[in-house]
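Chemist: So here's entry.pdb (PDB, N, CA and C atoms and all ligand atoms).
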```pdb
ATOM      1  N   MET A   1      37.618 126.019 106.727
ATOM      2  CA  MET A   1      38.102 124.938 107.612
ATOM      3  C   MET A   1      38.768 123.846 106.804
ATOM      4  N   THR A   2      39.931 123.432 107.222
ATOM      5  CA  THR A   2      40.634 122.357 106.514
ATOM      6  C   THR A   2      40.882 121.184 107.454
ATOM      7  N   THR A   3      40.887 120.015 106.896
ATOM      8  CA  THR A   3      41.135 118.817 107.703
ATOM      9  C   THR A   3      42.409 118.118 107.234
ATOM     10  N   LEU A   4      43.327 118.929 106.659
ATOM     11  CA  LEU A   4      44.521 118.342 106.067
ATOM     12  C   LEU A   4      45.622 118.013 107.068
ATOM     13  N   SER A   5      45.572 118.543 108.287
ATOM     14  CA  SER A   5      46.650 118.271 109.248
ATOM     15  C   SER A   5      46.687 116.791 109.602
ATOM     16  N   PRO A   6      47.867 116.169 109.384
ATOM     17  CA  PRO A   6      47.972 114.734 109.640
ATOM     18  C   PRO A   6      48.003 114.427 111.138
ATOM     19  N   ALA A   7      47.534 113.278 111.492
ATOM     20  CA  ALA A   7      47.593 112.862 112.895
ATOM     21  C   ALA A   7      49.058 112.692 113.303
ATOM     22  N   PRO A   8      49.452 113.204 114.458
ATOM     23  CA  PRO A   8      50.858 113.158 114.876
ATOM     24  C   PRO A   8      51.422 111.737 114.932
ATOM     25  N   THR A   9      50.587 110.778 115.267
ATOM     26  CA  THR A   9      51.077 109.408 115.423
ATOM     27  C   THR A   9      51.444 108.774 114.092
ATOM     28  N   THR A  10      50.939 109.329 112.975
ATOM     29  CA  THR A  10      51.218 108.716 111.685
ATOM     30  C   THR A  10      52.198 109.545 110.856
ATOM     31  N   ALA A  11      52.779 110.597 111.450
ATOM     32  CA  ALA A  11      53.709 111.446 110.721
ATOM     33  C   ALA A  11      55.008 110.709 110.440
ATOM     34  N   SER A  12      55.402 110.662 109.169
ATOM     35  CA  SER A  12      56.605 109.968 108.686
ATOM     36  C   SER A  12      56.994 108.756 109.527
ATOM     37  N   PRO A  13      56.157 107.723 109.524
ATOM     38  CA  PRO A  13      56.421 106.567 110.382
ATOM     39  C   PRO A  13      57.654 105.777 109.956
ATOM     40  N   ASP A  14      57.987 105.816 108.646
ATOM     41  CA  ASP A  14      59.114 105.008 108.180
ATOM     42  C   ASP A  14      60.426 105.774 108.192
ATOM     43  N   ARG A  15      60.389 107.077 108.477
ATOM     44  CA  ARG A  15      61.625 107.863 108.463
ATOM     45  C   ARG A  15      62.218 108.028 109.861
ATOM     46  N   ALA A  16      61.357 108.203 110.838
ATOM     47  CA  ALA A  16      61.862 108.427 112.185
ATOM     48  C   ALA A  16      62.414 107.137 112.786
ATOM     49  N   PRO A  17      63.621 107.213 113.373
ATOM     50  CA  PRO A  17      64.149 106.042 114.067
ATOM     51  C   PRO A  17      63.393 105.892 115.376
ATOM     52  N   SER A  18      63.539 104.769 116.025
ATOM     53  CA  SER A  18      62.869 104.631 117.310
ATOM     54  C   SER A  18      63.509 105.595 118.303
ATOM     55  N   ARG A  19      62.689 106.104 119.202
ATOM     56  CA  ARG A  19      63.212 106.985 120.247
ATOM     57  C   ARG A  19      64.267 106.259 121.055
ATOM     58  N   VAL A  20      64.070 104.946 121.186
ATOM     59  CA  VAL A  20      64.998 104.142 121.981
ATOM     60  C   VAL A  20      66.412 104.236 121.409
ATOM     61  N   LEU A  21      66.514 104.175 120.058
ATOM     62  CA  LEU A  21      67.824 104.254 119.417
ATOM     63  C   LEU A  21      68.516 105.562 119.782
ATOM     64  N   LEU A  22      67.786 106.670 119.651
ATOM     65  CA  LEU A  22      68.378 107.973 119.954
ATOM     66  C   LEU A  22      68.670 108.111 121.440
ATOM     67  N   GLU A  23      67.766 107.580 122.272
ATOM     68  CA  GLU A  23      67.991 107.697 123.708
ATOM     69  C   GLU A  23      69.191 106.858 124.142
ATOM     70  N   THR A  24      69.399 105.731 123.456
ATOM     71  CA  THR A  24      70.566 104.899 123.749
ATOM     72  C   THR A  24      71.842 105.642 123.360
ATOM     73  N   GLN A  25      71.819 106.271 122.166
ATOM     74  CA  GLN A  25      72.987 107.035 121.721
ATOM     75  C   GLN A  25      73.267 108.197 122.669
ATOM     76  N   ARG A  26      72.191 108.818 123.143
ATOM     77  CA  ARG A  26      72.331 109.954 124.051
ATOM     78  C   ARG A  26      72.981 109.513 125.369
ATOM     79  N   ALA A  27      72.496 108.395 125.896
ATOM     80  CA  ALA A  27      73.046 107.874 127.150
ATOM     81  C   ALA A  27      74.521 107.520 126.972
ATOM     82  N   ASP A  28      74.825 106.973 125.790
ATOM     83  CA  ASP A  28      76.196 106.600 125.478
ATOM     84  C   ASP A  28      77.106 107.835 125.455
ATOM     85  N   CYS A  29      76.653 108.887 124.802
ATOM     86  CA  CYS A  29      77.407 110.143 124.741
ATOM     87  C   CYS A  29      77.590 110.729 126.130
ATOM     88  N   ALA A  30      76.525 110.693 126.930
ATOM     89  CA  ALA A  30      76.594 111.266 128.270
ATOM     90  C   ALA A  30      77.625 110.516 129.112
ATOM     91  N   ARG A  31      77.655 109.188 128.939
ATOM     92  CA  ARG A  31      78.604 108.373 129.701
ATOM     93  C   ARG A  31      80.038 108.698 129.271
ATOM     94  N   GLN A  32      80.249 108.757 127.951
ATOM     95  CA  GLN A  32      81.596 109.073 127.441
ATOM     96  C   GLN A  32      82.045 110.456 127.875
ATOM     97  N   ARG A  33      81.073 111.386 127.920
ATOM     98  CA  ARG A  33      81.413 112.742 128.314
ATOM     99  C   ARG A  33      81.831 112.774 129.788
ATOM    100  N   GLU A  34      81.116 112.010 130.611
ATOM    101  CA  GLU A  34      81.477 111.968 132.029
ATOM    102  C   GLU A  34      82.881 111.411 132.220
ATOM    103  N   LEU A  35      83.199 110.383 131.443
ATOM    104  CA  LEU A  35      84.544 109.809 131.516
ATOM    105  C   LEU A  35      85.578 110.849 131.101
ATOM    106  N   ALA A  36      85.290 111.567 130.010
ATOM    107  CA  ALA A  36      86.220 112.585 129.521
ATOM    108  C   ALA A  36      86.377 113.698 130.548
ATOM    109  N   LEU A  37      85.248 114.108 131.149
ATOM    110  CA  LEU A  37      85.314 115.176 132.151
ATOM    111  C   LEU A  37      86.133 114.737 133.357
ATOM    112  N   ALA A  38      85.950 113.487 133.759
ATOM    113  CA  ALA A  38      86.712 112.974 134.892
ATOM    114  C   ALA A  38      88.208 113.004 134.576
ATOM    115  N   GLU A  39      88.509 112.697 133.304
ATOM    116  CA  GLU A  39      89.909 112.694 132.870
ATOM    117  C   GLU A  39      90.515 114.094 132.866
ATOM    118  N   THR A  40      89.669 115.081 132.577
ATOM    119  CA  THR A  40      90.187 116.444 132.484
ATOM    120  C   THR A  40      90.215 117.146 133.845
ATOM    121  N   ALA A  41      89.665 116.477 134.855
ATOM    122  CA  ALA A  41      89.641 117.081 136.194
ATOM    123  C   ALA A  41      91.004 116.943 136.861
ATOM    124  N   THR A  42      92.026 117.386 136.150
ATOM    125  CA  THR A  42      93.377 117.349 136.697
ATOM    126  C   THR A  42      93.981 118.756 136.565
ATOM    127  N   SER A  43      95.169 118.935 137.094
ATOM    128  CA  SER A  43      95.807 120.250 136.994
ATOM    129  C   SER A  43      96.299 120.516 135.573
ATOM    130  N   MET A  44      96.486 119.419 134.789
ATOM    131  CA  MET A  44      96.961 119.559 133.407
ATOM    132  C   MET A  44      95.999 118.855 132.452
ATOM    133  N   PRO A  45      94.817 119.432 132.218
ATOM    134  CA  PRO A  45      93.841 118.762 131.353
ATOM    135  C   PRO A  45      94.374 118.583 129.936
ATOM    136  N   ASP A  46      94.122 117.395 129.389
ATOM    137  CA  ASP A  46      94.537 117.099 128.022
ATOM    138  C   ASP A  46      93.589 117.820 127.056
ATOM    139  N   PRO A  47      94.122 118.722 126.211
ATOM    140  CA  PRO A  47      93.250 119.500 125.308
ATOM    141  C   PRO A  47      92.413 118.619 124.386
ATOM    142  N   VAL A  48      92.954 117.473 123.986
ATOM    143  CA  VAL A  48      92.197 116.564 123.114
ATOM    144  C   VAL A  48      90.949 116.060 123.846
ATOM    145  N   THR A  49      91.135 115.716 125.116
ATOM    146  CA  THR A  49      90.013 115.215 125.902
ATOM    147  C   THR A  49      89.001 116.325 126.186
ATOM    148  N   VAL A  50      89.513 117.536 126.414
ATOM    149  CA  VAL A  50      88.624 118.685 126.635
ATOM    150  C   VAL A  50      87.746 118.902 125.399
ATOM    151  N   ASN A  51      88.373 118.816 124.207
ATOM    152  CA  ASN A  51      87.635 118.968 122.955
ATOM    153  C   ASN A  51      86.598 117.870 122.780
ATOM    154  N   ARG A  52      86.985 116.649 123.167
ATOM    155  CA  ARG A  52      86.065 115.525 123.003
ATOM    156  C   ARG A  52      84.840 115.738 123.886
ATOM    157  N   ALA A  53      85.062 116.179 125.115
ATOM    158  CA  ALA A  53      83.942 116.425 126.027
ATOM    159  C   ALA A  53      83.011 117.484 125.451
ATOM    160  N   ALA A  54      83.602 118.525 124.838
ATOM    161  CA  ALA A  54      82.796 119.603 124.262
ATOM    162  C   ALA A  54      81.989 119.090 123.076
ATOM    163  N   SER A  55      82.612 118.258 122.225
ATOM    164  CA  SER A  55      81.902 117.788 121.046
ATOM    165  C   SER A  55      80.828 116.769 121.438
ATOM    166  N   LEU A  56      81.067 116.009 122.510
ATOM    167  CA  LEU A  56      80.038 115.080 122.988
ATOM    168  C   LEU A  56      78.825 115.853 123.503
ATOM    169  N   LEU A  57      79.089 116.970 124.171
ATOM    170  CA  LEU A  57      77.987 117.798 124.669
ATOM    171  C   LEU A  57      77.158 118.337 123.506
ATOM    172  N   ARG A  58      77.871 118.708 122.409
ATOM    173  CA  ARG A  58      77.187 119.208 121.223
ATOM    174  C   ARG A  58      76.296 118.106 120.631
ATOM    175  N   THR A  59      76.840 116.883 120.568
ATOM    176  CA  THR A  59      76.075 115.759 120.029
ATOM    177  C   THR A  59      74.837 115.491 120.875
ATOM    178  N   ILE A  60      74.997 115.572 122.197
ATOM    179  CA  ILE A  60      73.859 115.355 123.094
ATOM    180  C   ILE A  60      72.761 116.371 122.790
ATOM    181  N   GLY A  61      73.168 117.613 122.561
ATOM    182  CA  GLY A  61      72.200 118.654 122.211
ATOM    183  C   GLY A  61      71.499 118.357 120.895
ATOM    184  N   GLU A  62      72.274 117.833 119.912
ATOM    185  CA  GLU A  62      71.685 117.493 118.614
ATOM    186  C   GLU A  62      70.684 116.356 118.757
ATOM    187  N   ILE A  63      71.010 115.387 119.614
ATOM    188  CA  ILE A  63      70.099 114.256 119.829
ATOM    189  C   ILE A  63      68.817 114.743 120.504
ATOM    190  N   ASP A  64      68.958 115.636 121.487
ATOM    191  CA  ASP A  64      67.774 116.207 122.140
ATOM    192  C   ASP A  64      66.882 116.893 121.124
ATOM    193  N   ALA A  65      67.510 117.652 120.204
ATOM    194  CA  ALA A  65      66.747 118.363 119.179
ATOM    195  C   ALA A  65      66.042 117.375 118.262
ATOM    196  N   ALA A  66      66.722 116.268 117.933
ATOM    197  CA  ALA A  66      66.119 115.252 117.067
ATOM    198  C   ALA A  66      64.909 114.618 117.752
ATOM    199  N   LEU A  67      65.034 114.369 119.056
ATOM    200  CA  LEU A  67      63.910 113.795 119.804
ATOM    201  C   LEU A  67      62.722 114.760 119.783
ATOM    202  N   GLU A  68      63.014 116.054 119.881
ATOM    203  CA  GLU A  68      61.949 117.055 119.821
ATOM    204  C   GLU A  68      61.295 117.061 118.448
ATOM    205  N   ARG A  69      62.133 116.897 117.379
ATOM    206  CA  ARG A  69      61.573 116.883 116.023
ATOM    207  C   ARG A  69      60.696 115.656 115.804
ATOM    208  N   ILE A  70      61.075 114.521 116.403
ATOM    209  CA  ILE A  70      60.236 113.326 116.295
ATOM    210  C   ILE A  70      58.886 113.608 116.952
ATOM    211  N   ALA A  71      58.935 114.227 118.144
ATOM    212  CA  ALA A  71      57.695 114.532 118.869
ATOM    213  C   ALA A  71      56.832 115.510 118.080
ATOM    214  N   ALA A  72      57.494 116.440 117.378
ATOM    215  CA  ALA A  72      56.762 117.459 116.638
ATOM    216  C   ALA A  72      56.335 116.969 115.258
ATOM    217  N   GLY A  73      56.852 115.811 114.845
ATOM    218  CA  GLY A  73      56.492 115.268 113.542
ATOM    219  C   GLY A  73      57.261 115.889 112.392
ATOM    220  N   THR A  74      58.383 116.587 112.707
ATOM    221  CA  THR A  74      59.163 117.215 111.638
ATOM    222  C   THR A  74      60.489 116.501 111.414
ATOM    223  N   TYR A  75      60.655 115.334 112.023
ATOM    224  CA  TYR A  75      61.903 114.609 111.880
ATOM    225  C   TYR A  75      62.158 114.238 110.423
ATOM    226  N   GLY A  76      63.425 114.342 109.995
ATOM    227  CA  GLY A  76      63.779 113.965 108.633
ATOM    228  C   GLY A  76      63.661 115.121 107.660
ATOM    229  N   THR A  77      63.267 116.286 108.173
ATOM    230  CA  THR A  77      63.168 117.482 107.343
ATOM    231  C   THR A  77      64.282 118.433 107.746
ATOM    232  N   CYS A  78      64.989 118.986 106.754
ATOM    233  CA  CYS A  78      66.080 119.908 107.027
ATOM    234  C   CYS A  78      65.569 121.117 107.802
ATOM    235  N   VAL A  79      66.260 121.465 108.900
ATOM    236  CA  VAL A  79      65.793 122.578 109.733
ATOM    237  C   VAL A  79      66.021 123.922 109.050
ATOM    238  N   HIS A  80      66.871 123.943 108.011
ATOM    239  CA  HIS A  80      67.172 125.206 107.339
ATOM    240  C   HIS A  80      66.290 125.440 106.121
ATOM    241  N   CYS A  81      66.235 124.456 105.216
ATOM    242  CA  CYS A  81      65.525 124.685 103.958
ATOM    243  C   CYS A  81      64.212 123.909 103.866
ATOM    244  N   GLY A  82      63.974 122.975 104.804
ATOM    245  CA  GLY A  82      62.707 122.260 104.809
ATOM    246  C   GLY A  82      62.616 121.096 103.847
ATOM    247  N   SER A  83      63.722 120.815 103.113
ATOM    248  CA  SER A  83      63.664 119.663 102.219
ATOM    249  C   SER A  83      64.005 118.393 102.996
ATOM    250  N   ALA A  84      63.723 117.253 102.406
ATOM    251  CA  ALA A  84      63.925 115.987 103.099
ATOM    252  C   ALA A  84      65.410 115.669 103.241
ATOM    253  N   VAL A  85      65.810 115.234 104.425
ATOM    254  CA  VAL A  85      67.182 114.784 104.634
ATOM    255  C   VAL A  85      67.265 113.353 104.100
ATOM    256  N   PRO A  86      68.272 113.064 103.223
ATOM    257  CA  PRO A  86      68.367 111.732 102.616
ATOM    258  C   PRO A  86      68.437 110.612 103.666
ATOM    259  N   ALA A  87      67.765 109.506 103.357
ATOM    260  CA  ALA A  87      67.678 108.392 104.300
ATOM    261  C   ALA A  87      69.052 107.857 104.692
ATOM    262  N   GLU A  88      69.973 107.810 103.702
ATOM    263  CA  GLU A  88      71.290 107.248 104.008
ATOM    264  C   GLU A  88      72.060 108.142 104.990
ATOM    265  N   ARG A  89      71.767 109.448 104.907
ATOM    266  CA  ARG A  89      72.386 110.379 105.842
ATOM    267  C   ARG A  89      71.834 110.146 107.250
ATOM    268  N   LEU A  90      70.525 109.934 107.338
ATOM    269  CA  LEU A  90      69.893 109.700 108.637
ATOM    270  C   LEU A  90      70.352 108.378 109.237
ATOM    271  N   GLU A  91      70.663 107.437 108.354
ATOM    272  CA  GLU A  91      71.117 106.140 108.829
ATOM    273  C   GLU A  91      72.487 106.273 109.493
ATOM    274  N   PHE A  92      73.341 107.086 108.840
ATOM    275  CA  PHE A  92      74.698 107.310 109.339
ATOM    276  C   PHE A  92      74.687 108.206 110.570
ATOM    277  N   ARG A  93      73.790 109.172 110.564
ATOM    278  CA  ARG A  93      73.723 110.174 111.615
ATOM    279  C   ARG A  93      72.248 110.441 111.934
ATOM    280  N   PRO A  94      71.623 109.597 112.764
ATOM    281  CA  PRO A  94      70.172 109.660 112.972
ATOM    282  C   PRO A  94      69.691 111.007 113.513
ATOM    283  N   PHE A  95      70.607 111.784 114.084
ATOM    284  CA  PHE A  95      70.187 113.066 114.664
ATOM    285  C   PHE A  95      70.540 114.229 113.750
ATOM    286  N   ALA A  96      70.910 113.943 112.495
ATOM    287  CA  ALA A  96      71.225 115.016 111.543
ATOM    288  C   ALA A  96      70.048 115.960 111.403
ATOM    289  N   ALA A  97      70.330 117.261 111.521
ATOM    290  CA  ALA A  97      69.259 118.259 111.501
ATOM    291  C   ALA A  97      69.129 118.931 110.149
ATOM    292  N   ALA A  98      70.183 118.840 109.314
ATOM    293  CA  ALA A  98      70.177 119.562 108.054
ATOM    294  C   ALA A  98      70.535 118.637 106.901
ATOM    295  N   CYS A  99      70.072 119.007 105.699
ATOM    296  CA  CYS A  99      70.440 118.241 104.517
ATOM    297  C   CYS A  99      71.915 118.534 104.201
ATOM    298  N   VAL A 100      72.483 117.759 103.298
ATOM    299  CA  VAL A 100      73.917 117.853 103.045
ATOM    300  C   VAL A 100      74.336 119.253 102.578
ATOM    301  N   SER A 101      73.564 119.827 101.647
ATOM    302  CA  SER A 101      73.985 121.132 101.121
ATOM    303  C   SER A 101      73.912 122.223 102.179
ATOM    304  N   CYS A 102      72.904 122.192 103.041
ATOM    305  CA  CYS A 102      72.821 123.199 104.101
ATOM    306  C   CYS A 102      73.963 123.012 105.106
ATOM    307  N   GLN A 103      74.258 121.776 105.421
ATOM    308  CA  GLN A 103      75.314 121.488 106.379
ATOM    309  C   GLN A 103      76.649 122.007 105.862
ATOM    310  N   GLN A 104      76.867 121.878 104.551
ATOM    311  CA  GLN A 104      78.140 122.281 103.967
ATOM    312  C   GLN A 104      78.297 123.790 103.900
ATOM    313  N   THR A 105      77.181 124.492 103.767
ATOM    314  CA  THR A 105      77.296 125.950 103.614
ATOM    315  C   THR A 105      77.243 126.666 104.962
ATOM    316  N   ARG A 106      77.107 125.907 106.052
ATOM    317  CA  ARG A 106      77.056 126.561 107.353
ATOM    318  C   ARG A 106      78.195 126.140 108.253
TER     319      ARG A 106
HETATM  320 ZN    ZN B   1      68.659 122.037 103.752
END
```
Would you kindly transcribe this structure into structure tokens?
Modeler:
Amino acid sequence: MTTLSPAPTTASPDRAPSRVLLETQRADCARQRELALAETATSMPDPVTVNRAASLLRTIGEIDAALERIAAGTYGTCVHCGSAVPAERLEFRPFAAACVSCQQTR
């Protein structure tokens, strides 16, 4: 029997951003995506706007995944290699799922 499992509430307290920050970013992306979708709801959709809507949807998915990682206590750890994602990277992109080297090779 081991008692090494950390309490979920104390898992990386200084690395995880507040859920509010991510939820605000998510709401922001969702709003921008709706605007983009409304713009593309024409007979001649602008390909740039179509791409933007698609990339916003991708970002929303990444934010959802980050929120799940916070809940699971694995936030700030690369999803591919398990090493720590640098703090400055998380600051720039709070929902980053992979460390720089993994991101570059995929
Ligand atoms: Zn990695």
Chemist: Atom N of Gln25 of chain A and atom N of Ile63 of chain A, how far apart in Å?
Modeler: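 Going from atom N of Ile63 of chain A over to atom N of Gln25 of chain A covers 9.5 Å.
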Chemist: Within 10 Å of ligand ZN 1 (chain B) (counting only C-alpha atoms and all ligand atoms), which residues show up? I'd like them as number ranges by chain.
Modeler: A: 77-85, 97-105
Chemist: To test your reading of the syntax: which residues would the PyMOL selection byres (((chain A and resi 49 and name CA) around 12) and not hetatm and name CA) return for the file shown? Reply as a list in words.
Modeler: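 Selected by the PyMOL selection byres (((chain A and resi 49 and name CA) around 12) and not hetatm and name CA) in this file: Gln32, Arg33, Glu34, Leu35, Ala36, Leu37, Ala38, Glu39, Thr40, Ala41, Thr42, Met44, Pro45, Asp46, Pro47, Val48, Val50, Asn51, Arg52, Ala53, Ala54, Ser55 and Leu56 of chain A.
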Chemist: Do you have the atom CA of Phe92 of chain A-atom CA of Ala71 of chain A distance handy?
Modeler: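 Computed distance, atom CA of Phe92 of chain A to atom CA of Ala71 of chain A, equals 20.8 Å.
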Chemist: How would you write as a ChimeraX atom specification the residues that get within 12 Å of (68.0, 115.0, 114.4) in the file's frame, counting only C-alpha atoms?
Modeler: /A:15-19,21-23,25-26,59-79,85,89-99
Chemist: Could you work out how far atom CA of Ala30 of chain A lies from atom CA of Arg58 of chain A, giving the answer in Å with one decimal?
Modeler: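 Answer for the atom CA of Arg58 of chain A to atom CA of Ala30 of chain A separation: 10.6 Å.
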Chemist: Need the axis-aligned box for segment 87-105 of chain A with 5 Å each side, so what are the centre and edges in Å to one decimal, as AutoDock Vina command-line options?
Modeler:
```
--center_x 73.0 --center_y 116.4 --center_z 107.9 --size_x 20.6 --size_y 30.5 --size_z 23.5
```
Chemist: Please give the complete set of residues from chain A that DSSP, run on the backbone, assigns to helix (DSSP H, G or I), formatted as a PyMOL selection string.
Modeler: chain A and resi 8-10+19-40+47-72+87-92+100-105
